[in-house]
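**Student:** Provided herewith: my_file-v2.cif, mmCIF, C-alpha atoms.
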```cif
data_structure
loop_
_atom_site.group_PDB
_atom_site.id
_atom_site.type_symbol
_atom_site.label_atom_id
_atom_site.label_comp_id
_atom_site.auth_asym_id
_atom_site.auth_seq_id
_atom_site.Cartn_x
_atom_site.Cartn_y
_atom_site.Cartn_z
ATOM 1 C CA MET G 292 -85.719 -93.123 -98.220
ATOM 2 C CA SER G 293 -85.311 -90.271 -100.664
ATOM 3 C CA GLN G 294 -81.889 -90.127 -102.290
ATOM 4 C CA THR G 295 -82.288 -86.362 -102.677
ATOM 5 C CA VAL G 296 -81.720 -85.599 -98.983
ATOM 6 C CA LYS G 297 -79.257 -82.716 -98.678
ATOM 7 C CA PRO G 298 -76.420 -83.480 -96.274
ATOM 8 C CA TYR G 299 -76.750 -82.002 -92.785
ATOM 9 C CA PRO G 300 -75.211 -82.622 -89.338
ATOM 10 C CA LEU G 301 -76.733 -85.786 -87.847
ATOM 11 C CA HIS G 302 -77.441 -86.047 -84.119
ATOM 12 C CA PHE G 303 -78.289 -89.454 -82.665
ATOM 13 C CA LYS G 304 -80.227 -91.117 -79.879
ATOM 14 C CA PRO G 305 -77.556 -93.188 -78.120
ATOM 15 C CA GLU G 306 -77.717 -96.895 -77.361
ATOM 16 C CA PHE G 307 -77.086 -97.260 -73.626
ATOM 17 C CA LYS G 308 -75.372 -100.326 -72.150
ATOM 18 C CA GLU G 309 -75.589 -101.542 -68.567
ATOM 19 C CA ARG G 310 -72.189 -102.517 -67.167
ATOM 20 C CA VAL G 311 -71.168 -103.835 -63.756
ATOM 21 C CA TRP G 312 -68.842 -100.801 -63.454
ATOM 22 C CA GLY G 313 -71.370 -98.197 -64.677
ATOM 23 C CA GLY G 314 -73.264 -95.444 -62.860
ATOM 24 C CA ARG G 315 -75.588 -92.516 -63.544
ATOM 25 C CA ALA G 316 -73.168 -89.797 -64.686
ATOM 26 C CA LEU G 317 -74.392 -89.784 -68.316
ATOM 27 C CA GLU G 318 -77.623 -88.170 -67.050
ATOM 28 C CA ARG G 319 -75.717 -84.897 -66.661
ATOM 29 C CA PHE G 320 -75.777 -84.469 -70.453
ATOM 30 C CA GLY G 321 -79.575 -84.444 -70.511
ATOM 31 C CA TYR G 322 -79.966 -87.890 -72.057
ATOM 32 C CA ASP G 323 -82.849 -90.145 -71.058
ATOM 33 C CA VAL G 324 -80.652 -92.768 -69.413
ATOM 34 C CA PRO G 325 -82.396 -96.074 -68.621
ATOM 35 C CA GLU G 326 -82.486 -97.555 -65.102
ATOM 36 C CA GLY G 327 -79.495 -99.435 -63.774
ATOM 37 C CA ARG G 328 -75.728 -99.097 -63.842
ATOM 38 C CA ILE G 329 -75.222 -97.505 -67.240
ATOM 39 C CA GLY G 330 -71.569 -97.631 -68.219
ATOM 40 C CA GLU G 331 -71.651 -96.864 -71.939
ATOM 41 C CA GLY G 332 -73.549 -94.580 -74.268
ATOM 42 C CA TRP G 333 -72.958 -95.659 -77.869
ATOM 43 C CA MET G 334 -73.373 -92.182 -79.339
ATOM 44 C CA ILE G 335 -72.587 -92.898 -83.012
ATOM 45 C CA ALA G 336 -72.857 -96.622 -83.640
ATOM 46 C CA ASP G 337 -73.357 -98.996 -86.580
ATOM 47 C CA HIS G 338 -72.603 -102.390 -85.038
ATOM 48 C CA PRO G 339 -74.541 -105.675 -84.601
ATOM 49 C CA HIS G 340 -74.437 -105.038 -80.815
ATOM 50 C CA GLY G 341 -75.899 -101.534 -81.091
ATOM 51 C CA VAL G 342 -77.089 -98.970 -83.639
ATOM 52 C CA SER G 343 -77.726 -95.294 -82.878
ATOM 53 C CA HIS G 344 -80.728 -93.575 -84.485
ATOM 54 C CA VAL G 345 -80.949 -90.077 -85.980
ATOM 55 C CA THR G 346 -82.961 -87.579 -83.877
ATOM 56 C CA ASN G 347 -83.033 -84.567 -86.202
ATOM 57 C CA GLY G 348 -83.939 -83.478 -89.732
ATOM 58 C CA GLU G 349 -85.222 -85.471 -92.674
ATOM 59 C CA LEU G 350 -83.602 -88.744 -91.581
ATOM 60 C CA ALA G 351 -85.015 -88.696 -88.015
ATOM 61 C CA GLY G 352 -85.750 -92.215 -86.834
ATOM 62 C CA GLN G 353 -83.308 -93.870 -89.261
ATOM 63 C CA GLY G 354 -80.507 -96.016 -87.872
ATOM 64 C CA LEU G 355 -76.920 -95.202 -88.845
ATOM 65 C CA ASP G 356 -76.947 -98.562 -90.672
ATOM 66 C CA GLN G 357 -79.842 -97.331 -92.856
ATOM 67 C CA VAL G 358 -78.059 -94.029 -93.505
ATOM 68 C CA ARG G 359 -74.983 -96.014 -94.568
ATOM 69 C CA GLU G 360 -76.995 -98.198 -96.936
ATOM 70 C CA ALA G 361 -78.656 -95.160 -98.531
ATOM 71 C CA PHE G 362 -75.749 -92.706 -98.729
ATOM 72 C CA GLY G 363 -72.561 -94.651 -97.941
ATOM 73 C CA ALA G 364 -69.520 -93.298 -99.776
ATOM 74 C CA GLU G 365 -71.201 -90.033 -100.740
ATOM 75 C CA TRP G 366 -71.806 -89.016 -97.108
ATOM 76 C CA PHE G 367 -68.916 -90.821 -95.420
ATOM 77 C CA GLY G 368 -66.228 -89.864 -97.949
ATOM 78 C CA SER G 369 -63.726 -91.702 -100.126
ATOM 79 C CA LYS G 370 -61.645 -92.736 -97.075
ATOM 80 C CA GLY G 371 -64.388 -92.610 -94.447
ATOM 81 C CA SER G 372 -66.458 -95.238 -96.233
ATOM 82 C CA ARG G 373 -63.691 -97.865 -96.243
ATOM 83 C CA SER G 374 -63.818 -99.662 -92.903
ATOM 84 C CA GLY G 375 -62.742 -103.217 -93.662
ATOM 85 C CA ASN G 376 -66.125 -104.749 -92.887
ATOM 86 C CA GLY G 377 -68.543 -102.527 -94.822
ATOM 87 C CA ARG G 378 -69.941 -100.689 -91.792
ATOM 88 C CA PHE G 379 -69.347 -97.151 -90.538
ATOM 89 C CA PRO G 380 -65.634 -97.170 -89.610
ATOM 90 C CA LEU G 381 -65.809 -95.667 -86.105
ATOM 91 C CA LEU G 382 -67.727 -96.197 -82.877
ATOM 92 C CA ILE G 383 -68.129 -93.166 -80.606
ATOM 93 C CA LYS G 384 -68.908 -93.726 -76.925
ATOM 94 C CA LEU G 385 -69.244 -91.859 -73.661
ATOM 95 C CA LEU G 386 -68.148 -93.988 -70.698
ATOM 96 C CA ASP G 387 -69.166 -93.524 -67.048
ATOM 97 C CA CYS G 388 -66.622 -95.409 -64.978
ATOM 98 C CA ASN G 389 -68.283 -95.511 -61.574
ATOM 99 C CA ASP G 390 -66.088 -98.518 -60.700
ATOM 100 C CA ASP G 391 -62.917 -100.065 -62.155
ATOM 101 C CA LEU G 392 -63.189 -101.636 -65.604
ATOM 102 C CA SER G 393 -61.595 -105.005 -66.263
ATOM 103 C CA VAL G 394 -57.938 -105.069 -67.260
ATOM 104 C CA GLN G 395 -58.163 -105.764 -70.980
ATOM 105 C CA VAL G 396 -56.481 -105.724 -74.355
ATOM 106 C CA HIS G 397 -57.791 -105.497 -77.915
ATOM 107 C CA PRO G 398 -56.608 -107.375 -81.021
ATOM 108 C CA THR G 399 -55.392 -105.974 -84.344
ATOM 109 C CA ASP G 400 -57.408 -106.490 -87.546
ATOM 110 C CA ASP G 401 -55.304 -109.494 -88.573
ATOM 111 C CA TYR G 402 -55.701 -111.574 -85.379
ATOM 112 C CA ALA G 403 -56.827 -115.075 -86.356
ATOM 113 C CA GLY G 404 -59.105 -115.397 -83.314
ATOM 114 C CA LEU G 405 -61.398 -112.485 -84.256
ATOM 115 C CA PRO G 406 -65.110 -113.300 -84.569
ATOM 116 C CA LYS G 407 -66.418 -113.268 -88.153
ATOM 117 C CA GLY G 408 -67.053 -109.723 -89.415
ATOM 118 C CA GLU G 409 -65.278 -108.103 -86.466
ATOM 119 C CA LEU G 410 -62.345 -105.716 -86.774
ATOM 120 C CA GLY G 411 -59.521 -105.103 -84.345
ATOM 121 C CA LYS G 412 -59.805 -102.236 -81.917
ATOM 122 C CA THR G 413 -57.483 -99.265 -81.817
ATOM 123 C CA GLU G 414 -58.992 -96.514 -79.684
ATOM 124 C CA MET G 415 -58.394 -93.302 -77.791
ATOM 125 C CA TRP G 416 -59.799 -91.677 -74.670
ATOM 126 C CA TYR G 417 -60.384 -88.041 -73.822
ATOM 127 C CA VAL G 418 -61.075 -87.519 -70.110
ATOM 128 C CA LEU G 419 -64.155 -85.304 -69.722
ATOM 129 C CA ASP G 420 -64.159 -85.409 -65.928
ATOM 130 C CA ALA G 421 -62.165 -87.136 -63.207
ATOM 131 C CA LYS G 422 -62.605 -87.321 -59.455
ATOM 132 C CA PRO G 423 -59.578 -86.318 -57.358
ATOM 133 C CA GLY G 424 -57.048 -89.155 -57.274
ATOM 134 C CA ALA G 425 -58.591 -90.996 -60.242
ATOM 135 C CA LYS G 426 -56.240 -93.352 -62.091
ATOM 136 C CA ILE G 427 -56.102 -95.554 -65.138
ATOM 137 C CA ILE G 428 -54.029 -98.573 -66.081
ATOM 138 C CA TYR G 429 -52.021 -97.872 -69.195
ATOM 139 C CA GLY G 430 -49.613 -100.439 -70.570
ATOM 140 C CA LEU G 431 -47.180 -102.929 -69.052
ATOM 141 C CA LYS G 432 -44.183 -101.998 -66.957
ATOM 142 C CA PRO G 433 -40.905 -102.061 -68.910
ATOM 143 C CA GLY G 434 -39.411 -105.525 -69.313
ATOM 144 C CA VAL G 435 -42.646 -107.504 -68.913
ATOM 145 C CA ASN G 436 -42.747 -110.248 -71.558
ATOM 146 C CA ARG G 437 -45.257 -112.971 -72.392
ATOM 147 C CA GLU G 438 -43.705 -115.402 -69.929
ATOM 148 C CA SER G 439 -43.615 -113.030 -66.962
ATOM 149 C CA PHE G 440 -47.078 -111.650 -67.801
ATOM 150 C CA ALA G 441 -48.551 -115.182 -67.976
ATOM 151 C CA ALA G 442 -46.921 -116.071 -64.643
ATOM 152 C CA ALA G 443 -48.277 -112.909 -62.976
ATOM 153 C CA ILE G 444 -51.792 -113.679 -64.243
ATOM 154 C CA ALA G 445 -51.589 -117.297 -63.043
ATOM 155 C CA GLU G 446 -50.306 -116.220 -59.608
ATOM 156 C CA ASN G 447 -52.937 -113.469 -59.176
ATOM 157 C CA ARG G 448 -50.379 -110.661 -59.049
ATOM 158 C CA ILE G 449 -51.123 -109.095 -62.420
ATOM 159 C CA MET G 450 -51.325 -105.602 -60.882
ATOM 160 C CA ASP G 451 -47.557 -105.762 -60.255
ATOM 161 C CA THR G 452 -46.948 -105.821 -64.040
ATOM 162 C CA LEU G 453 -49.146 -102.834 -64.967
ATOM 163 C CA GLN G 454 -48.445 -99.121 -65.158
ATOM 164 C CA GLU G 455 -50.860 -96.896 -63.208
ATOM 165 C CA VAL G 456 -51.288 -93.270 -64.239
ATOM 166 C CA SER G 457 -53.124 -90.460 -62.426
ATOM 167 C CA VAL G 458 -55.639 -88.634 -64.629
ATOM 168 C CA GLU G 459 -57.527 -85.360 -64.692
ATOM 169 C CA ALA G 460 -60.005 -83.737 -67.049
ATOM 170 C CA GLY G 461 -58.428 -82.867 -70.405
ATOM 171 C CA ASP G 462 -55.946 -85.749 -70.422
ATOM 172 C CA THR G 463 -55.942 -87.826 -73.588
ATOM 173 C CA PHE G 464 -54.690 -91.357 -74.228
ATOM 174 C CA TYR G 465 -54.082 -93.105 -77.541
ATOM 175 C CA ILE G 466 -54.445 -96.870 -77.174
ATOM 176 C CA PRO G 467 -53.407 -98.885 -80.227
ATOM 177 C CA ALA G 468 -54.523 -102.521 -80.372
ATOM 178 C CA GLY G 469 -52.207 -104.653 -78.235
ATOM 179 C CA THR G 470 -51.967 -102.135 -75.350
ATOM 180 C CA VAL G 471 -53.079 -103.548 -71.985
ATOM 181 C CA HIS G 472 -55.331 -100.973 -70.315
ATOM 182 C CA ALA G 473 -58.168 -100.266 -67.898
ATOM 183 C CA LEU G 474 -60.176 -97.238 -66.971
ATOM 184 C CA CYS G 475 -60.601 -96.992 -63.204
ATOM 185 C CA ALA G 476 -63.296 -95.595 -60.922
ATOM 186 C CA GLY G 477 -64.138 -91.901 -61.042
ATOM 187 C CA VAL G 478 -63.574 -90.992 -64.687
ATOM 188 C CA LEU G 479 -65.971 -89.892 -67.412
ATOM 189 C CA VAL G 480 -64.495 -90.443 -70.858
ATOM 190 C CA ALA G 481 -65.202 -89.837 -74.545
ATOM 191 C CA GLU G 482 -63.935 -92.836 -76.527
ATOM 192 C CA ILE G 483 -63.201 -92.805 -80.252
ATOM 193 C CA GLN G 484 -62.448 -96.270 -81.621
ATOM 194 C CA GLN G 485 -62.554 -98.608 -84.554
ATOM 195 C CA ASN G 486 -66.035 -100.039 -85.037
ATOM 196 C CA SER G 487 -65.388 -103.167 -82.992
ATOM 197 C CA ASP G 488 -66.773 -104.773 -79.855
ATOM 198 C CA THR G 489 -63.984 -107.314 -79.313
ATOM 199 C CA THR G 490 -62.385 -107.092 -75.874
ATOM 200 C CA TYR G 491 -60.165 -109.685 -74.227
ATOM 201 C CA ARG G 492 -60.367 -109.536 -70.440
ATOM 202 C CA VAL G 493 -57.197 -110.398 -68.580
ATOM 203 C CA TYR G 494 -58.375 -109.647 -65.031
ATOM 204 C CA ASP G 495 -61.659 -108.546 -63.446
ATOM 205 C CA TYR G 496 -60.831 -108.147 -59.740
ATOM 206 C CA ASN G 497 -62.560 -111.489 -58.997
ATOM 207 C CA ARG G 498 -65.898 -109.691 -58.842
ATOM 208 C CA PRO G 499 -69.351 -110.920 -59.878
ATOM 209 C CA GLY G 500 -70.929 -109.588 -63.070
ATOM 210 C CA LEU G 501 -74.459 -108.176 -63.397
ATOM 211 C CA ASP G 502 -75.817 -111.744 -63.277
ATOM 212 C CA GLY G 503 -73.931 -112.549 -60.070
ATOM 213 C CA LYS G 504 -71.426 -114.846 -61.801
ATOM 214 C CA PRO G 505 -67.791 -113.981 -62.556
ATOM 215 C CA ARG G 506 -67.357 -112.471 -66.035
ATOM 216 C CA GLU G 507 -65.495 -114.534 -68.611
ATOM 217 C CA LEU G 508 -61.738 -114.020 -68.918
ATOM 218 C CA HIS G 509 -59.789 -114.503 -72.161
ATOM 219 C CA ILE G 510 -56.269 -115.266 -70.941
ATOM 220 C CA GLU G 511 -54.880 -117.076 -73.991
ATOM 221 C CA ASP G 512 -56.238 -114.511 -76.489
ATOM 222 C CA SER G 513 -54.917 -111.704 -74.266
ATOM 223 C CA LEU G 514 -51.436 -113.212 -74.110
ATOM 224 C CA ASN G 515 -51.513 -113.675 -77.903
ATOM 225 C CA VAL G 516 -52.512 -110.111 -78.825
ATOM 226 C CA THR G 517 -50.555 -108.088 -76.241
ATOM 227 C CA ALA G 518 -47.778 -105.991 -77.788
ATOM 228 C CA TYR G 519 -45.015 -106.643 -75.264
ATOM 229 C CA GLU G 520 -42.615 -104.172 -76.853
ATOM 230 C CA GLY G 521 -45.367 -101.542 -76.891
ATOM 231 C CA ALA G 522 -47.760 -100.677 -79.694
ATOM 232 C CA GLY G 523 -47.078 -96.941 -79.841
ATOM 233 C CA ALA G 524 -49.434 -95.799 -77.084
ATOM 234 C CA THR G 525 -49.119 -92.085 -76.300
ATOM 235 C CA ARG G 526 -50.638 -89.728 -73.739
ATOM 236 C CA MET G 527 -50.762 -85.974 -73.377
ATOM 237 C CA LYS G 528 -52.149 -83.033 -71.445
ATOM 238 C CA THR G 529 -54.318 -80.876 -73.697
ATOM 239 C CA ASP G 530 -54.533 -77.591 -71.790
ATOM 240 C CA GLY G 531 -52.297 -76.066 -74.476
ATOM 241 C CA ALA G 532 -55.258 -75.931 -76.885
ATOM 242 C CA LYS G 533 -55.864 -72.373 -78.179
ATOM 243 C CA PRO G 534 -59.105 -70.879 -79.524
ATOM 244 C CA GLY G 535 -59.496 -71.335 -83.265
ATOM 245 C CA GLU G 536 -56.582 -73.772 -83.645
ATOM 246 C CA TRP G 537 -56.653 -77.567 -83.767
ATOM 247 C CA LEU G 538 -54.465 -79.462 -81.299
ATOM 248 C CA ARG G 539 -53.660 -82.955 -82.626
ATOM 249 C CA LEU G 540 -54.465 -85.620 -80.005
ATOM 250 C CA ALA G 541 -54.100 -88.858 -81.939
ATOM 251 C CA LYS G 542 -53.376 -90.082 -85.444
ATOM 252 C CA SER G 543 -53.891 -93.686 -86.462
ATOM 253 C CA PRO G 544 -54.669 -95.526 -89.702
ATOM 254 C CA TYR G 545 -58.305 -95.531 -88.513
ATOM 255 C CA PHE G 546 -58.905 -91.986 -87.268
ATOM 256 C CA ALA G 547 -57.267 -88.662 -86.517
ATOM 257 C CA THR G 548 -58.599 -86.610 -83.600
ATOM 258 C CA ASP G 549 -58.015 -82.951 -82.737
ATOM 259 C CA LYS G 550 -59.159 -80.751 -79.856
ATOM 260 C CA GLY G 551 -60.463 -77.249 -80.512
ATOM 261 C CA ILE G 552 -61.640 -74.332 -78.387
ATOM 262 C CA VAL G 553 -64.560 -72.365 -79.860
ATOM 263 C CA ARG G 554 -64.827 -68.700 -78.843
ATOM 264 C CA GLY G 555 -67.312 -66.910 -81.096
ATOM 265 C CA GLU G 556 -67.512 -68.235 -84.652
ATOM 266 C CA TRP G 557 -65.046 -70.670 -86.240
ATOM 267 C CA LYS G 558 -65.428 -71.399 -89.953
ATOM 268 C CA LEU G 559 -64.574 -74.954 -91.001
ATOM 269 C CA ALA G 560 -65.336 -77.448 -93.754
ATOM 270 C CA THR G 561 -65.563 -81.171 -94.329
ATOM 271 C CA THR G 562 -63.433 -82.747 -97.067
ATOM 272 C CA PRO G 563 -64.539 -85.205 -99.791
ATOM 273 C CA GLU G 564 -62.262 -87.795 -98.138
ATOM 274 C CA SER G 565 -64.080 -88.023 -94.819
ATOM 275 C CA PHE G 566 -66.969 -87.092 -92.568
ATOM 276 C CA ASP G 567 -66.209 -85.010 -89.457
ATOM 277 C CA ILE G 568 -67.382 -86.238 -86.075
ATOM 278 C CA VAL G 569 -67.760 -83.387 -83.583
ATOM 279 C CA ILE G 570 -68.022 -84.238 -79.877
ATOM 280 C CA VAL G 571 -68.816 -81.342 -77.537
ATOM 281 C CA ALA G 572 -66.669 -81.884 -74.433
ATOM 282 C CA GLU G 573 -67.835 -78.799 -72.565
ATOM 283 C CA GLY G 574 -69.764 -75.563 -72.997
ATOM 284 C CA SER G 575 -72.461 -74.895 -75.564
ATOM 285 C CA GLY G 576 -73.046 -73.259 -78.913
ATOM 286 C CA SER G 577 -74.234 -74.228 -82.355
ATOM 287 C CA ILE G 578 -73.285 -75.709 -85.705
ATOM 288 C CA ARG G 579 -74.320 -73.687 -88.753
ATOM 289 C CA TRP G 580 -74.219 -74.876 -92.345
ATOM 290 C CA GLU G 581 -75.545 -73.674 -95.694
ATOM 291 C CA SER G 582 -79.186 -74.456 -94.981
ATOM 292 C CA GLY G 583 -79.564 -74.626 -91.227
ATOM 293 C CA LEU G 584 -78.414 -74.353 -87.635
ATOM 294 C CA ILE G 585 -78.412 -76.861 -84.771
ATOM 295 C CA ASP G 586 -77.778 -76.249 -81.074
ATOM 296 C CA ALA G 587 -74.832 -78.072 -79.516
ATOM 297 C CA LYS G 588 -74.072 -78.698 -75.860
ATOM 298 C CA ALA G 589 -71.720 -80.820 -73.731
ATOM 299 C CA GLY G 590 -72.227 -84.517 -74.401
ATOM 300 C CA ASP G 591 -73.605 -84.019 -77.913
ATOM 301 C CA CYS G 592 -71.966 -85.957 -80.744
ATOM 302 C CA PHE G 593 -72.598 -85.010 -84.385
ATOM 303 C CA LEU G 594 -71.791 -86.725 -87.670
ATOM 304 C CA LEU G 595 -71.107 -84.130 -90.385
ATOM 305 C CA PRO G 596 -71.236 -85.755 -93.835
ATOM 306 C CA ALA G 597 -68.187 -85.504 -96.115
ATOM 307 C CA ASN G 598 -70.289 -83.667 -98.725
ATOM 308 C CA LEU G 599 -71.585 -81.064 -96.249
ATOM 309 C CA GLY G 600 -68.743 -78.673 -97.118
ATOM 310 C CA ASP G 601 -68.595 -75.362 -95.264
ATOM 311 C CA TYR G 602 -69.849 -75.206 -91.697
ATOM 312 C CA ALA G 603 -69.185 -73.062 -88.640
ATOM 313 C CA LEU G 604 -68.965 -73.799 -84.944
ATOM 314 C CA ALA G 605 -70.110 -70.919 -82.734
ATOM 315 C CA GLY G 606 -70.458 -70.206 -79.023
ATOM 316 C CA GLU G 607 -68.232 -71.026 -76.082
ATOM 317 C CA MET G 608 -67.280 -74.687 -76.190
ATOM 318 C CA THR G 609 -64.527 -77.263 -76.279
ATOM 319 C CA VAL G 610 -64.858 -79.832 -79.072
ATOM 320 C CA LEU G 611 -63.132 -82.930 -80.364
ATOM 321 C CA ARG G 612 -63.084 -83.466 -84.123
ATOM 322 C CA SER G 613 -62.411 -86.916 -85.584
ATOM 323 C CA ARG G 614 -62.038 -87.868 -89.237
ATOM 324 C CA VAL G 615 -60.361 -90.514 -91.396
ATOM 325 C CA GLU G 616 -57.138 -89.177 -92.935
#
```
Let's see the structure in the file written out as structure tokens.
**Tutor:**
Amino acid sequence: MSQTVKPYPLHFKPEFKERVWGGRALERFGYDVPEGRIGEGWMIADHPHGVSHVTNGELAGQGLDQVREAFGAEWFGSKGSRSGNGRFPLLIKLLDCNDDLSVQVHPTDDYAGLPKGELGKTEMWYVLDAKPGAKIIYGLKPGVNRESFAAAIAENRIMDTLQEVSVEAGDTFYIPAGTVHALCAGVLVAEIQQNSDTTYRVYDYNRPGLDGKPRELHIEDSLNVTAYEGAGATRMKTDGAKPGEWLRLAKSPYFATDKGIVRGEWKLATTPESFDIVIVAEGSGSIRWESGLIDAKAGDCFLLPANLGDYALAGEMTVLRSRVE
């Protein structure tokens, strides 16, 4: 691969994952979604369980892992290239929750039970669409401790210990590692997370998996990693976002995410510290930079290299921007 490639916004072919709770909603974004119950599109991914491949420009056909090996710190930035395990620091997904996901919890980076090479998983959700009455599970009820949580799990009354929240499009949830959570049926979500695929399932509604057998539960790990006093999870409505201004949705040691409304042209720039990831939540438009222009529509996710510099978003669209700060 030529080292003289000028930086440009990268668009990727997603890796799609069949899930027992998945559906067909990701087709609405124009992607060629494989047969079956597709729950996850790994839109920007550099993980042993899935790598997304560039669709546009000089690097078309290259995996994000190959881009990292060729351009690493130069394209990802001084902070954006430090992930803890050498890979791209974030994993960007679109999730179609046609049915309830398992009740689960993710570990922090320092959990002794992590598989080799894996990081913890702090994440956030932005709700792209929600059916009327849709809910999610978000944290434990006040006062639940390890003992009472373990008893509830053992006695099959875990739902009594969990907080349920109604959701609608535009809601956002920050979910630090240690927060018990579950997306429920009827939501379509953009997920920004640490580059990790480690999930501990606490409860799966006693249902069969894709192979007809119950999916594995991880009760002891879950009890170990749950933050009973709370890990700093936050949620917010985002309809206060104004054209041409960033609304901060989440800030963690791993990523910072803002929502922006594009009306006409909005001039922006990457910084030497980090790439920008731009997810188009709704509408359409384009991204222009020094030497080119690319169309952008709902469901598209772009990786803008740290050394891209000036760029402009144009059109009528709602976007999420994530970077490492």
**Student:** Excluding region 564-571 of chain G and residues on its chain fewer than 2 positions from it, collect all residues at most 8 Å away from it, counting all atoms listed in the file, and give them as an mmCIF file with C-alpha atoms, keeping the file's coordinate frame.
**Tutor:**
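Final output, saved to out_19.cif:
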```
data_model
loop_
_atom_site.group_PDB
_atom_site.id
_atom_site.type_symbol
_atom_site.label_atom_id
_atom_site.label_comp_id
_atom_site.auth_asym_id
_atom_site.auth_seq_id
_atom_site.Cartn_x
_atom_site.Cartn_y
_atom_site.Cartn_z
ATOM 1 C CA TRP G 366 -71.806 -89.016 -97.108
ATOM 2 C CA PHE G 367 -68.916 -90.821 -95.420
ATOM 3 C CA GLY G 368 -66.228 -89.864 -97.949
ATOM 4 C CA SER G 369 -63.726 -91.702 -100.126
ATOM 5 C CA LYS G 370 -61.645 -92.736 -97.075
ATOM 6 C CA GLY G 371 -64.388 -92.610 -94.447
ATOM 7 C CA SER G 372 -66.458 -95.238 -96.233
ATOM 8 C CA THR G 561 -65.563 -81.171 -94.329
ATOM 9 C CA THR G 562 -63.433 -82.747 -97.067
ATOM 10 C CA GLU G 573 -67.835 -78.799 -72.565
ATOM 11 C CA GLY G 574 -69.764 -75.563 -72.997
ATOM 12 C CA SER G 575 -72.461 -74.895 -75.564
ATOM 13 C CA ALA G 587 -74.832 -78.072 -79.516
ATOM 14 C CA LYS G 588 -74.072 -78.698 -75.860
ATOM 15 C CA ALA G 589 -71.720 -80.820 -73.731
ATOM 16 C CA GLY G 590 -72.227 -84.517 -74.401
ATOM 17 C CA ASP G 591 -73.605 -84.019 -77.913
ATOM 18 C CA CYS G 592 -71.966 -85.957 -80.744
ATOM 19 C CA PHE G 593 -72.598 -85.010 -84.385
ATOM 20 C CA LEU G 594 -71.791 -86.725 -87.670
ATOM 21 C CA LEU G 595 -71.107 -84.130 -90.385
ATOM 22 C CA PRO G 596 -71.236 -85.755 -93.835
ATOM 23 C CA ALA G 597 -68.187 -85.504 -96.115
ATOM 24 C CA ASN G 598 -70.289 -83.667 -98.725
ATOM 25 C CA MET G 608 -67.280 -74.687 -76.190
ATOM 26 C CA THR G 609 -64.527 -77.263 -76.279
ATOM 27 C CA VAL G 610 -64.858 -79.832 -79.072
ATOM 28 C CA LEU G 611 -63.132 -82.930 -80.364
ATOM 29 C CA ARG G 612 -63.084 -83.466 -84.123
ATOM 30 C CA SER G 613 -62.411 -86.916 -85.584
ATOM 31 C CA ARG G 614 -62.038 -87.868 -89.237
ATOM 32 C CA VAL G 615 -60.361 -90.514 -91.396
ATOM 33 C CA GLU G 616 -57.138 -89.177 -92.935
#
```
**Student:** The residues within 12 Å of (-58.9, -111.2, -74.6), using all atoms listed in the file and the coordinates of the file, should be reported as a VMD selection string; which are they?
**Tutor:** chain G and resid 393 to 399 402 404 to 406 411 to 412 468 to 472 488 to 495 507 to 517
**Student:** Written as JSON, numbers by chain, which residues does the PyMOL selection byres ((chain G and resi 605) around 6) give for the file shown?
**Tutor:** {"G": [555, 556, 576, 577, 604, 606]}
**Student:** The PyMOL selection byres ((chain G and resi 551) around 8) on the file shown: which residues, as a PyMOL selection string?
**Tutor:** chain G and resi 532-538+549-550+552-553+609-612
**Student:** May I have the centre and edge lengths, in Å to one decimal, of an axis-aligned box around the listed atoms of region 347-353 of chain G with 6 Å added to every side, as AutoDock Vina command-line options?
**Tutor:**
```
--center_x -84.4 --center_y -88.7 --center_z -89.4 --size_x 14.7 --size_y 22.4 --size_z 18.5
```
**Student:** Once N, CA and C atoms are restored for region 482-490 of chain G, what would the output be as a tab-separated table (two decimals), keeping the file's coordinate frame?
**Tutor:**
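Result file follows (result_18.tsv):
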```tsv
chain	number	residue	atom	x	y	z
G	482	GLU	N	-64.77	-91.82	-75.89
G	482	GLU	CA	-63.94	-92.84	-76.53
G	482	GLU	C	-64.20	-92.83	-78.03
G	483	ILE	N	-63.13	-92.73	-78.79
G	483	ILE	CA	-63.20	-92.80	-80.25
G	483	ILE	C	-62.44	-94.07	-80.63
G	484	GLN	N	-63.08	-94.98	-81.37
G	484	GLN	CA	-62.45	-96.27	-81.62
G	484	GLN	C	-62.86	-96.82	-82.98
G	485	GLN	N	-62.10	-97.82	-83.42
G	485	GLN	CA	-62.55	-98.61	-84.55
G	485	GLN	C	-63.91	-99.22	-84.22
G	486	ASN	N	-64.70	-99.47	-85.25
G	486	ASN	CA	-66.04	-100.04	-85.04
G	486	ASN	C	-65.90	-101.53	-84.72
G	487	SER	N	-65.65	-101.80	-83.44
G	487	SER	CA	-65.39	-103.17	-82.99
G	487	SER	C	-65.91	-103.31	-81.58
G	488	ASP	N	-66.35	-104.52	-81.23
G	488	ASP	CA	-66.77	-104.77	-79.86
G	488	ASP	C	-66.03	-105.99	-79.31
G	489	THR	N	-64.78	-106.17	-79.75
G	489	THR	CA	-63.98	-107.31	-79.31
G	489	THR	C	-62.99	-106.89	-78.23
G	490	THR	N	-63.22	-107.41	-77.03
G	490	THR	CA	-62.38	-107.09	-75.87
G	490	THR	C	-61.95	-108.40	-75.23
```
